[in-house]
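As provided, work33.tsv (TSV, C-alpha atoms) reads as follows.
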```
chain	number	residue	atom	x	y	z
Z	1212	MET	CA	6.79	-6.99	7.28
Z	1213	GLN	CA	10.10	-8.71	6.76
Z	1214	LEU	CA	8.95	-10.17	3.45
Z	1215	ILE	CA	8.04	-6.67	2.23
Z	1216	ARG	CA	11.42	-5.26	3.29
Z	1217	THR	CA	13.31	-8.15	1.69
Z	1218	PHE	CA	11.31	-7.76	-1.53
Z	1219	GLU	CA	12.06	-4.03	-1.65
Z	1220	ASN	CA	15.78	-4.49	-0.98
Z	1221	HIS	CA	16.10	-6.93	-3.88
Z	1222	VAL	CA	13.98	-4.77	-6.16
Z	1223	LYS	CA	16.32	-1.84	-5.50
Z	1224	GLN	CA	19.30	-4.00	-6.46
Z	1225	LEU	CA	17.61	-5.34	-9.59
Z	1226	TYR	CA	16.68	-1.82	-10.65
Z	1227	SER	CA	20.28	-0.63	-10.20
Z	1228	GLU	CA	21.35	-3.50	-12.48
Z	1229	GLY	CA	18.98	-2.28	-15.20
Z	1230	LYS	CA	16.72	-5.32	-14.97
Z	1231	ILE	CA	13.51	-3.44	-14.05
Z	1232	PRO	CA	12.08	-0.95	-16.56
Z	1233	GLY	CA	10.11	2.14	-15.60
Z	1234	ASP	CA	9.97	4.01	-12.29
Z	1235	VAL	CA	9.91	2.12	-9.00
Z	1236	HIS	CA	8.72	3.57	-5.68
Z	1237	LEU	CA	9.85	1.69	-2.58
Z	1238	CYS	CA	7.95	1.55	0.70
Z	1239	SER	CA	10.83	0.58	3.02
Z	1240	GLY	CA	10.04	2.10	6.41
Z	1241	GLU	CA	6.27	2.01	5.90
Z	1242	GLU	CA	5.71	-1.74	6.34
Z	1243	ALA	CA	3.79	-1.39	9.61
Z	1244	VAL	CA	1.00	0.52	7.87
Z	1245	ALA	CA	0.41	-2.07	5.17
Z	1246	VAL	CA	0.60	-5.04	7.54
Z	1247	GLY	CA	-1.26	-3.38	10.41
Z	1248	VAL	CA	-4.22	-2.54	8.19
Z	1249	ALA	CA	-4.24	-5.74	6.11
Z	1250	SER	CA	-4.20	-7.85	9.27
Z	1251	THR	CA	-7.70	-6.54	10.08
Z	1252	LEU	CA	-9.20	-7.40	6.69
Z	1253	ARG	CA	-10.92	-10.47	5.30
Z	1254	ASN	CA	-9.84	-12.05	2.04
Z	1255	GLY	CA	-12.89	-10.63	0.26
Z	1256	ASP	CA	-12.33	-7.07	1.43
Z	1257	TYR	CA	-11.04	-4.56	-1.10
Z	1258	VAL	CA	-7.77	-2.63	-1.19
Z	1259	VAL	CA	-6.88	0.23	-3.53
Z	1260	SER	CA	-3.31	1.47	-3.59
Z	1261	PRO	CA	-1.26	4.39	-4.98
Z	1262	HIS	CA	2.01	4.13	-6.89
Z	1263	ARG	CA	3.91	2.97	-3.75
Z	1264	SER	CA	2.02	-0.31	-3.70
Z	1265	HIS	CA	4.35	-3.28	-3.15
Z	1266	GLY	CA	3.76	-3.44	0.60
Z	1267	HIS	CA	-0.03	-3.29	0.28
Z	1268	CYS	CA	-0.03	-6.07	-2.32
Z	1269	ILE	CA	2.16	-8.39	-0.27
Z	1270	ALA	CA	0.30	-7.67	2.97
Z	1271	LYS	CA	-3.02	-8.49	1.25
Z	1272	GLY	CA	-1.61	-11.83	0.12
Z	1273	ALA	CA	-0.27	-11.25	-3.38
Z	1274	ASN	CA	2.06	-13.83	-4.89
Z	1275	VAL	CA	5.63	-12.48	-4.84
Z	1276	LYS	CA	6.55	-14.53	-7.91
Z	1277	SER	CA	3.82	-12.89	-9.97
Z	1278	MET	CA	4.76	-9.50	-8.55
Z	1279	MET	CA	8.44	-9.90	-9.37
Z	1280	ALA	CA	7.63	-11.12	-12.87
Z	1281	GLU	CA	5.47	-8.05	-13.42
Z	1282	LEU	CA	8.22	-5.71	-12.29
Z	1283	LEU	CA	10.66	-7.41	-14.66
Z	1284	GLY	CA	8.20	-7.07	-17.53
Z	1285	LYS	CA	7.53	-10.79	-17.96
Z	1286	SER	CA	4.39	-12.46	-19.30
Z	1287	THR	CA	3.92	-14.43	-16.07
Z	1288	GLY	CA	3.39	-11.20	-14.14
Z	1289	TYR	CA	0.08	-10.03	-12.73
Z	1290	CYS	CA	-0.52	-7.80	-15.77
Z	1291	GLN	CA	1.41	-10.02	-18.21
Z	1292	GLY	CA	4.39	-7.71	-17.88
Z	1293	LYS	CA	2.56	-4.69	-19.33
Z	1294	GLY	CA	1.88	-2.75	-16.14
Z	1295	GLY	CA	5.10	-2.77	-14.18
Z	1296	SER	CA	5.71	-1.63	-10.61
Z	1297	MET	CA	2.84	0.85	-10.38
Z	1298	HIS	CA	-0.03	-1.29	-11.70
Z	1299	VAL	CA	-0.07	-4.53	-9.71
Z	1300	ALA	CA	-3.59	-5.94	-9.22
Z	1301	ASP	CA	-5.07	-9.24	-8.07
Z	1302	PHE	CA	-8.87	-9.23	-7.93
Z	1303	SER	CA	-8.90	-12.73	-6.41
Z	1304	ILE	CA	-7.59	-11.33	-3.12
Z	1305	GLY	CA	-9.45	-8.02	-3.32
Z	1306	MET	CA	-6.43	-6.04	-4.55
Z	1307	LEU	CA	-8.18	-3.72	-7.00
Z	1308	GLY	CA	-4.94	-2.25	-8.28
Z	1309	ALA	CA	-2.45	0.52	-7.85
Z	1310	TYR	CA	-3.01	3.91	-9.46
Z	1311	PRO	CA	-0.01	6.15	-10.23
Z	1312	VAL	CA	-2.07	9.34	-10.61
Z	1313	VAL	CA	-2.04	10.98	-7.18
Z	1314	GLY	CA	-5.42	10.58	-5.51
Z	1315	ALA	CA	-6.92	8.60	-8.37
Z	1316	GLY	CA	-7.51	5.44	-6.35
Z	1317	ILE	CA	-9.54	7.09	-3.58
Z	1318	PRO	CA	-12.86	7.36	-5.49
Z	1319	ILE	CA	-12.35	3.83	-6.80
Z	1320	ALA	CA	-12.39	2.58	-3.22
Z	1321	VAL	CA	-15.58	4.57	-2.66
Z	1322	GLY	CA	-17.09	2.86	-5.69
Z	1323	ALA	CA	-16.12	-0.52	-4.27
Z	1324	GLY	CA	-17.70	0.47	-0.96
Z	1325	LEU	CA	-20.89	1.50	-2.74
Z	1326	SER	CA	-20.97	-1.84	-4.55
Z	1327	SER	CA	-20.57	-3.64	-1.23
Z	1328	LYS	CA	-23.41	-1.68	0.35
Z	1329	MET	CA	-25.75	-2.20	-2.62
Z	1330	ARG	CA	-25.08	-5.94	-2.57
Z	1331	ASN	CA	-25.15	-6.10	1.24
Z	1332	SER	CA	-21.99	-8.22	1.01
Z	1333	GLY	CA	-20.37	-7.08	4.23
Z	1334	GLN	CA	-17.14	-6.22	2.40
Z	1335	VAL	CA	-15.02	-3.25	3.41
Z	1336	ALA	CA	-12.92	-1.14	1.02
Z	1337	VAL	CA	-9.61	0.39	2.09
Z	1338	SER	CA	-7.98	3.23	0.21
Z	1339	PHE	CA	-4.26	3.79	0.83
Z	1340	PHE	CA	-2.88	7.17	-0.24
Z	1341	GLY	CA	-0.13	9.61	0.67
Z	1342	ASP	CA	-0.17	12.99	2.35
Z	1343	GLY	CA	0.05	14.71	-1.03
Z	1344	ALA	CA	-3.21	13.10	-2.16
Z	1345	SER	CA	-5.05	14.70	0.76
Z	1346	ASN	CA	-4.82	18.00	-1.12
Z	1347	GLN	CA	-6.46	16.61	-4.24
Z	1348	GLY	CA	-10.10	17.17	-5.05
Z	1349	THR	CA	-10.68	13.43	-5.27
Z	1350	PHE	CA	-9.87	13.11	-1.57
Z	1351	HIS	CA	-12.47	15.64	-0.46
Z	1352	GLU	CA	-15.11	14.49	-2.94
Z	1353	SER	CA	-14.65	10.89	-1.85
Z	1354	LEU	CA	-14.87	11.60	1.89
Z	1355	ASN	CA	-17.93	13.74	1.30
Z	1356	LEU	CA	-19.82	11.09	-0.67
Z	1357	ALA	CA	-18.74	8.22	1.58
Z	1358	SER	CA	-19.95	10.15	4.62
Z	1359	ILE	CA	-23.33	11.07	3.13
Z	1360	TRP	CA	-24.07	7.49	2.08
Z	1361	LYS	CA	-22.33	5.86	5.09
Z	1362	LEU	CA	-20.23	3.67	2.85
Z	1363	PRO	CA	-17.99	0.91	4.27
Z	1364	VAL	CA	-14.70	2.60	3.40
Z	1365	VAL	CA	-11.56	3.17	5.46
Z	1366	PHE	CA	-9.36	5.98	4.18
Z	1367	VAL	CA	-5.74	5.34	5.19
Z	1368	CYS	CA	-3.36	8.25	4.72
Z	1369	GLU	CA	0.28	7.14	4.81
Z	1370	ASN	CA	1.75	10.44	5.87
Z	1371	ASN	CA	5.43	9.91	5.11
Z	1372	GLN	CA	6.06	13.65	5.50
Z	1373	TYR	CA	6.76	14.39	1.83
Z	1374	ALA	CA	4.74	14.52	-1.36
Z	1375	GLU	CA	7.67	13.70	-3.63
Z	1376	SER	CA	9.91	16.58	-2.47
Z	1377	THR	CA	7.30	18.85	-0.86
Z	1378	SER	CA	7.10	18.82	2.93
Z	1379	VAL	CA	3.62	18.28	4.33
Z	1380	LYS	CA	4.29	21.22	6.67
Z	1381	ASP	CA	4.38	23.57	3.69
Z	1382	VAL	CA	1.08	22.58	2.10
Z	1383	VAL	CA	-1.25	21.37	4.87
Z	1384	PRO	CA	-2.56	24.11	7.21
Z	1385	THR	CA	-3.88	21.71	9.87
Z	1386	GLU	CA	-1.67	19.99	12.42
Z	1387	ASN	CA	-2.91	16.59	11.29
Z	1388	ILE	CA	-4.42	15.43	8.02
Z	1389	ALA	CA	-6.89	13.42	10.12
Z	1390	ASP	CA	-8.28	16.75	11.40
Z	1391	ARG	CA	-9.98	17.12	8.02
Z	1392	ALA	CA	-12.36	14.30	8.92
Z	1393	GLY	CA	-14.36	16.73	11.03
Z	1394	ALA	CA	-15.49	18.61	7.94
Z	1395	TYR	CA	-17.32	15.47	6.81
Z	1396	ARG	CA	-18.58	14.39	10.24
Z	1397	ILE	CA	-16.64	11.14	10.24
Z	1398	PRO	CA	-14.07	9.88	12.77
Z	1399	GLY	CA	-10.45	10.87	12.23
Z	1400	ALA	CA	-7.59	9.17	14.04
Z	1401	VAL	CA	-3.83	9.73	14.15
Z	1402	VAL	CA	-1.61	6.73	14.79
Z	1403	ASP	CA	2.11	5.99	14.97
Z	1404	GLY	CA	2.69	4.43	11.56
Z	1405	MET	CA	5.97	2.92	12.74
Z	1406	ASP	CA	4.15	0.70	15.28
Z	1407	VAL	CA	2.29	-2.23	13.72
Z	1408	PHE	CA	0.27	-2.88	16.89
Z	1409	GLN	CA	-1.05	0.67	17.03
Z	1410	VAL	CA	-1.96	0.57	13.35
Z	1411	HIS	CA	-3.69	-2.78	13.81
Z	1412	THR	CA	-5.74	-1.57	16.79
Z	1413	LYS	CA	-7.01	1.62	15.13
Z	1414	SER	CA	-7.58	-0.11	11.81
Z	1415	ALA	CA	-9.61	-2.85	13.49
Z	1416	GLU	CA	-11.89	-0.21	15.02
Z	1417	ALA	CA	-12.37	1.54	11.67
Z	1418	VAL	CA	-12.94	-1.69	9.74
Z	1419	GLU	CA	-15.49	-2.95	12.27
Z	1420	ARG	CA	-17.31	0.40	12.19
Z	1421	ALA	CA	-17.49	0.24	8.41
Z	1422	ARG	CA	-18.62	-3.40	8.39
Z	1423	GLN	CA	-21.45	-2.65	10.81
Z	1424	GLY	CA	-22.79	0.05	8.50
Z	1425	SER	CA	-21.70	3.10	10.51
Z	1426	GLY	CA	-19.71	4.62	7.66
Z	1427	PRO	CA	-16.14	5.64	6.87
Z	1428	THR	CA	-13.12	6.61	8.96
Z	1429	LEU	CA	-10.03	8.66	8.09
Z	1430	LEU	CA	-6.93	7.04	9.56
Z	1431	GLU	CA	-3.67	8.98	9.38
Z	1432	CYS	CA	-0.54	6.90	9.90
Z	1433	LYS	CA	2.55	9.02	10.58
Z	1434	THR	CA	5.40	7.21	8.90
Z	1435	TYR	CA	8.51	7.75	6.78
Z	1436	ARG	CA	9.99	6.32	3.61
Z	1437	PHE	CA	13.63	5.39	4.04
Z	1438	GLU	CA	14.33	5.75	0.31
Z	1439	GLY	CA	13.69	8.59	-2.11
Z	1440	HIS	CA	10.37	9.22	-3.82
Z	1441	ASN	CA	11.55	6.81	-6.49
Z	1442	ILE	CA	14.76	4.86	-6.90
Z	1443	GLY	CA	17.56	7.18	-7.93
Z	1444	GLU	CA	15.92	10.38	-6.74
Z	1445	PRO	CA	18.38	12.77	-4.99
Z	1446	TRP	CA	16.37	12.98	-1.75
Z	1447	THR	CA	19.21	14.72	0.08
Z	1448	THR	CA	18.28	17.93	-1.77
Z	1449	TYR	CA	15.11	18.38	0.30
Z	1450	ARG	CA	15.60	16.40	3.51
Z	1451	THR	CA	18.59	16.11	5.77
Z	1452	ARG	CA	20.51	12.96	6.50
Z	1453	GLU	CA	19.98	13.65	10.21
Z	1454	GLU	CA	16.22	13.64	9.74
Z	1455	THR	CA	16.29	10.38	7.82
Z	1456	GLU	CA	18.57	8.71	10.34
Z	1457	SER	CA	16.33	9.77	13.22
Z	1458	TRP	CA	13.36	8.12	11.52
Z	1459	MET	CA	15.39	5.01	10.72
Z	1460	LYS	CA	15.93	4.56	14.44
Z	1461	LYS	CA	12.14	4.08	14.62
Z	1462	CYS	CA	12.26	1.25	12.05
Z	1463	PRO	CA	8.99	-0.71	12.47
Z	1464	ILE	CA	10.62	-4.08	11.87
Z	1465	ALA	CA	13.45	-3.51	14.35
Z	1466	LYS	CA	10.92	-2.21	16.88
Z	1467	LEU	CA	8.71	-5.27	16.48
Z	1468	ARG	CA	11.71	-7.57	16.75
Z	1469	ARG	CA	12.78	-5.94	20.04
Z	1470	ASN	CA	9.25	-6.22	21.44
Z	1471	LEU	CA	8.87	-9.88	20.50
Z	1472	ILE	CA	12.18	-10.79	22.12
Z	1473	SER	CA	11.72	-8.67	25.26
Z	1474	GLU	CA	8.24	-10.12	25.84
Z	1475	ALA	CA	9.54	-13.66	25.25
Z	1476	THR	CA	7.03	-14.12	22.44
Z	1477	MET	CA	9.72	-15.26	20.03
Z	1478	THR	CA	13.44	-15.88	20.19
Z	1479	SER	CA	16.09	-14.31	17.99
Z	1480	THR	CA	16.66	-17.74	16.45
Z	1481	GLU	CA	13.01	-17.98	15.42
Z	1482	LEU	CA	13.07	-14.48	14.00
Z	1483	ASN	CA	16.27	-15.21	12.09
Z	1484	ARG	CA	14.55	-18.23	10.60
Z	1485	ILE	CA	11.70	-16.02	9.38
Z	1486	ASP	CA	14.25	-13.65	7.84
Z	1487	ALA	CA	15.87	-16.59	6.01
Z	1488	GLU	CA	12.51	-17.85	4.78
Z	1489	CYS	CA	11.66	-14.40	3.40
Z	1490	GLU	CA	15.03	-14.21	1.68
Z	1491	GLN	CA	14.46	-17.57	0.02
Z	1492	LEU	CA	10.93	-16.64	-1.07
Z	1493	VAL	CA	12.23	-13.54	-2.82
Z	1494	LEU	CA	15.19	-15.35	-4.37
Z	1495	ASP	CA	12.78	-17.96	-5.75
Z	1496	ALA	CA	10.62	-15.14	-7.11
Z	1497	ILE	CA	13.62	-13.58	-8.84
Z	1498	GLU	CA	14.57	-16.92	-10.40
Z	1499	PHE	CA	10.98	-17.46	-11.56
Z	1500	ALA	CA	10.79	-13.99	-13.07
Z	1501	THR	CA	14.22	-14.18	-14.69
Z	1502	ASN	CA	13.37	-17.46	-16.40
Z	1503	SER	CA	9.91	-16.32	-17.52
Z	1504	PRO	CA	9.33	-15.23	-21.13
Z	1505	THR	CA	8.77	-11.65	-22.17
Z	1506	PRO	CA	5.32	-10.81	-23.61
Z	1507	ASP	CA	4.77	-11.70	-27.25
Z	1508	PRO	CA	4.48	-8.46	-29.28
Z	1509	SER	CA	1.27	-9.80	-30.82
Z	1510	THR	CA	-0.42	-9.46	-27.41
Z	1511	ALA	CA	0.26	-5.72	-27.17
Z	1512	PHE	CA	-3.41	-4.81	-27.56
Z	1513	VAL	CA	-4.85	-7.70	-25.56
Z	1514	ASP	CA	-6.60	-6.59	-22.35
Z	1515	ILE	CA	-6.72	-2.97	-23.46
Z	1516	TYR	CA	-10.50	-3.02	-23.47
Z	1517	ALA	CA	-12.84	-4.79	-21.07
Z	1518	ASN	CA	-15.14	-7.36	-22.59
Z	1519	PRO	CA	-18.53	-5.72	-23.19
Z	1520	LEU	CA	-21.33	-6.80	-20.90
Z	1521	THR	CA	-23.87	-9.05	-22.53
Z	1522	LYS	CA	-27.56	-8.95	-21.75
Z	1523	GLY	CA	-28.08	-10.55	-18.38
Z	1524	GLY	CA	-24.32	-10.77	-17.82
```
Could you write out this structure as structure tokens?
Amino acid sequence: MQLIRTFENHVKQLYSEGKIPGDVHLCSGEEAVAVGVASTLRNGDYVVSPHRSHGHCIAKGANVKSMMAELLGKSTGYCQGKGGSMHVADFSIGMLGAYPVVGAGIPIAVGAGLSSKMRNSGQVAVSFFGDGASNQGTFHESLNLASIWKLPVVFVCENNQYAESTSVKDVVPTENIADRAGAYRIPGAVVDGMDVFQVHTKSAEAVERARQGSGPTLLECKTYRFEGHNIGEPWTTYRTREETESWMKKCPIAKLRRNLISEATMTSTELNRIDAECEQLVLDAIEFATNSPTPDPSTAFVDIYANPLTKGG
């Protein structure tokens, strides 16, 4: 969680210095969701993410050097510097990519779950998406199909209260987004998305259910993004400073730190050492990315098309 927060803080600074092209969407405040869910997955399990993807990638085990290089548009990045912040993918760890179109990644996770079931591989697919995506047709179509075929998919809604600048209270008629699970006869659970232990516990139940062949679960994590929808967005036009400050008091990292110290699990010195290690990891990533070459213009059309399947391939 600390590595994600440190990565995001430096990305915000780099963006303000004009070193990162394109839009960037930070997940500061939502770290407990990414880590709580990822901690219940195996390396071969699949993850599909929306545009706010940095936390999911890091929690699943992505290399921060390759991530930083991608954000800076360098050829050593995950997508050779052509994808940027919203398109990080690493198939080797099951990270099937981030998809900027709202709700677009949900059916991809269902496809991955179908593949797993057909191959009897025991893999589980997790789809992360925001509260806004729960109003998209892809959400309902995906839950419907996954339920009918009992696919090993866990749908994780990161309800950070706002779809860009639209309050969830204005566009969702039910008290909880998880209530919609009943329409598809699958379990729906609401969890405190600012508590990594609660997220872990509920995610573990959903992942185990999926792995055993009992079908999907809709997990709604109530959380909050501490930054705007994207860096530079004037978020004070649609949410109050008092509201944001009240959520910041629930910071998942600060809460975990207090718990670890009060339960004598770790000391403040040990935690400070972790903070320093995370800082150094990100600084090394920045140095790596800064010194990496930009993509050669001649490679502009490389990787645009997938290699065609050959007979028997």
*Counting only C-alpha atoms, what is within 6 Å of region 1278-1289 of chain Z, bar same-chain residues fewer than 2 positions away, as a ChimeraX atom specification?*
/Z:1231,1275-1276,1291-1292,1295-1296,1500,1504-1506
*Could you give me, as a PyMOL selection string, the residues within 10 Å of Glu1352 (chain Z), counting only C-alpha atoms and dropping anything in the same chain fewer than 6 positions from it?*
chain Z and resi 1317-1318+1321+1358
*Mind checking which residues fall within 7 Å of Pro1311 (chain Z), counting all atoms listed in the file, ignoring those fewer than 6 positions away in the same chain, and posting them as a ChimeraX atom specification?*
/Z:1261-1262,1297
*asked:* Set the distance at 9 Å and use all atoms listed in the file: which residues neighbour Thr1455 (chain Z) once local chain neighbours fewer than 3 positions away are removed? I'd like the list as a VMD selection string.
replied: chain Z and resid 1435 to 1437 1450 to 1452 1458 to 1460
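Counting only C-alpha atoms and comparing Z:Leu1354, Z:Val1259, Z:Ala1517, Z:Val1407, the residue that lies closest to Lys1461 (chain Z) is Z:Val1407.
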Quick test: take region 1333-1404 of chain Z, keep C-alpha atoms, and write it as a compact mmCIF listing (two decimals), in the first residue's frame.
```txt
# COMPACT_ATOMS: atom_id res chain seq x y z
CA GLY Z 1333 -8.46 -23.18 -11.74
CA GLN Z 1334 -7.69 -19.53 -12.52
CA VAL Z 1335 -9.91 -16.73 -11.26
CA ALA Z 1336 -10.51 -13.43 -13.08
CA VAL Z 1337 -11.03 -10.17 -11.19
CA SER Z 1338 -12.59 -7.12 -12.78
CA PHE Z 1339 -11.98 -3.78 -11.06
CA PHE Z 1340 -14.31 -0.94 -12.05
CA GLY Z 1341 -15.80 2.23 -10.61
CA ASP Z 1342 -19.30 3.12 -9.49
CA GLY Z 1343 -19.95 4.86 -12.80
CA ALA Z 1344 -19.33 1.64 -14.72
CA SER Z 1345 -22.12 -0.08 -12.79
CA ASN Z 1346 -24.58 1.92 -14.90
CA GLN Z 1347 -23.11 0.71 -18.18
CA GLY Z 1348 -24.67 -2.07 -20.21
CA THR Z 1349 -21.42 -4.03 -20.12
CA PHE Z 1350 -21.76 -4.38 -16.34
CA HIS Z 1351 -25.22 -5.93 -16.49
CA GLU Z 1352 -24.47 -8.09 -19.53
CA SER Z 1353 -21.32 -9.41 -17.89
CA LEU Z 1354 -22.95 -10.26 -14.55
CA ASN Z 1355 -25.80 -11.95 -16.38
CA LEU Z 1356 -23.55 -14.18 -18.51
CA ALA Z 1357 -21.13 -14.95 -15.67
CA SER Z 1358 -24.05 -16.00 -13.48
CA ILE Z 1359 -25.67 -18.24 -16.10
CA TRP Z 1360 -22.42 -20.06 -16.86
CA LYS Z 1361 -21.08 -19.94 -13.27
CA LEU Z 1362 -17.83 -18.40 -14.39
CA PRO Z 1363 -14.91 -17.89 -11.96
CA VAL Z 1364 -15.10 -14.10 -11.92
CA VAL Z 1365 -15.05 -11.62 -9.04
CA PHE Z 1366 -16.53 -8.24 -9.88
CA VAL Z 1367 -14.96 -5.56 -7.66
CA CYS Z 1368 -16.67 -2.18 -7.69
CA GLU Z 1369 -14.44 0.55 -6.28
CA ASN Z 1370 -17.19 2.91 -5.23
CA ASN Z 1371 -15.26 6.12 -4.67
CA GLN Z 1372 -18.54 8.08 -4.58
CA TYR Z 1373 -18.06 9.92 -7.88
CA ALA Z 1374 -18.09 9.00 -11.55
CA GLU Z 1375 -15.79 11.83 -12.61
CA SER Z 1376 -17.91 14.66 -11.16
CA THR Z 1377 -21.27 12.87 -10.80
CA SER Z 1378 -22.24 11.72 -7.31
CA VAL Z 1379 -23.28 8.09 -7.07
CA LYS Z 1380 -26.29 9.25 -5.04
CA ASP Z 1381 -27.66 11.04 -8.11
CA VAL Z 1382 -27.50 8.13 -10.55
CA VAL Z 1383 -27.88 4.89 -8.57
CA PRO Z 1384 -31.39 4.24 -7.15
CA THR Z 1385 -30.32 1.46 -4.79
CA GLU Z 1386 -28.62 2.06 -1.46
CA ASN Z 1387 -25.69 -0.11 -2.49
CA ILE Z 1388 -24.35 -1.08 -5.88
CA ALA Z 1389 -23.89 -4.59 -4.47
CA ASP Z 1390 -27.70 -4.80 -4.16
CA ARG Z 1391 -27.79 -5.29 -7.92
CA ALA Z 1392 -26.26 -8.74 -7.50
CA GLY Z 1393 -29.67 -10.07 -6.50
CA ALA Z 1394 -31.00 -9.53 -10.00
CA TYR Z 1395 -28.51 -12.11 -11.26
CA ARG Z 1396 -28.80 -14.52 -8.32
CA ILE Z 1397 -25.19 -14.11 -7.26
CA PRO Z 1398 -23.79 -12.99 -3.89
CA GLY Z 1399 -23.31 -9.28 -3.33
CA ALA Z 1400 -21.23 -7.90 -0.48
CA VAL Z 1401 -20.49 -4.39 0.78
CA VAL Z 1402 -17.16 -3.80 2.50
CA ASP Z 1403 -15.26 -0.87 3.98
CA GLY Z 1404 -12.81 -0.12 1.18
```
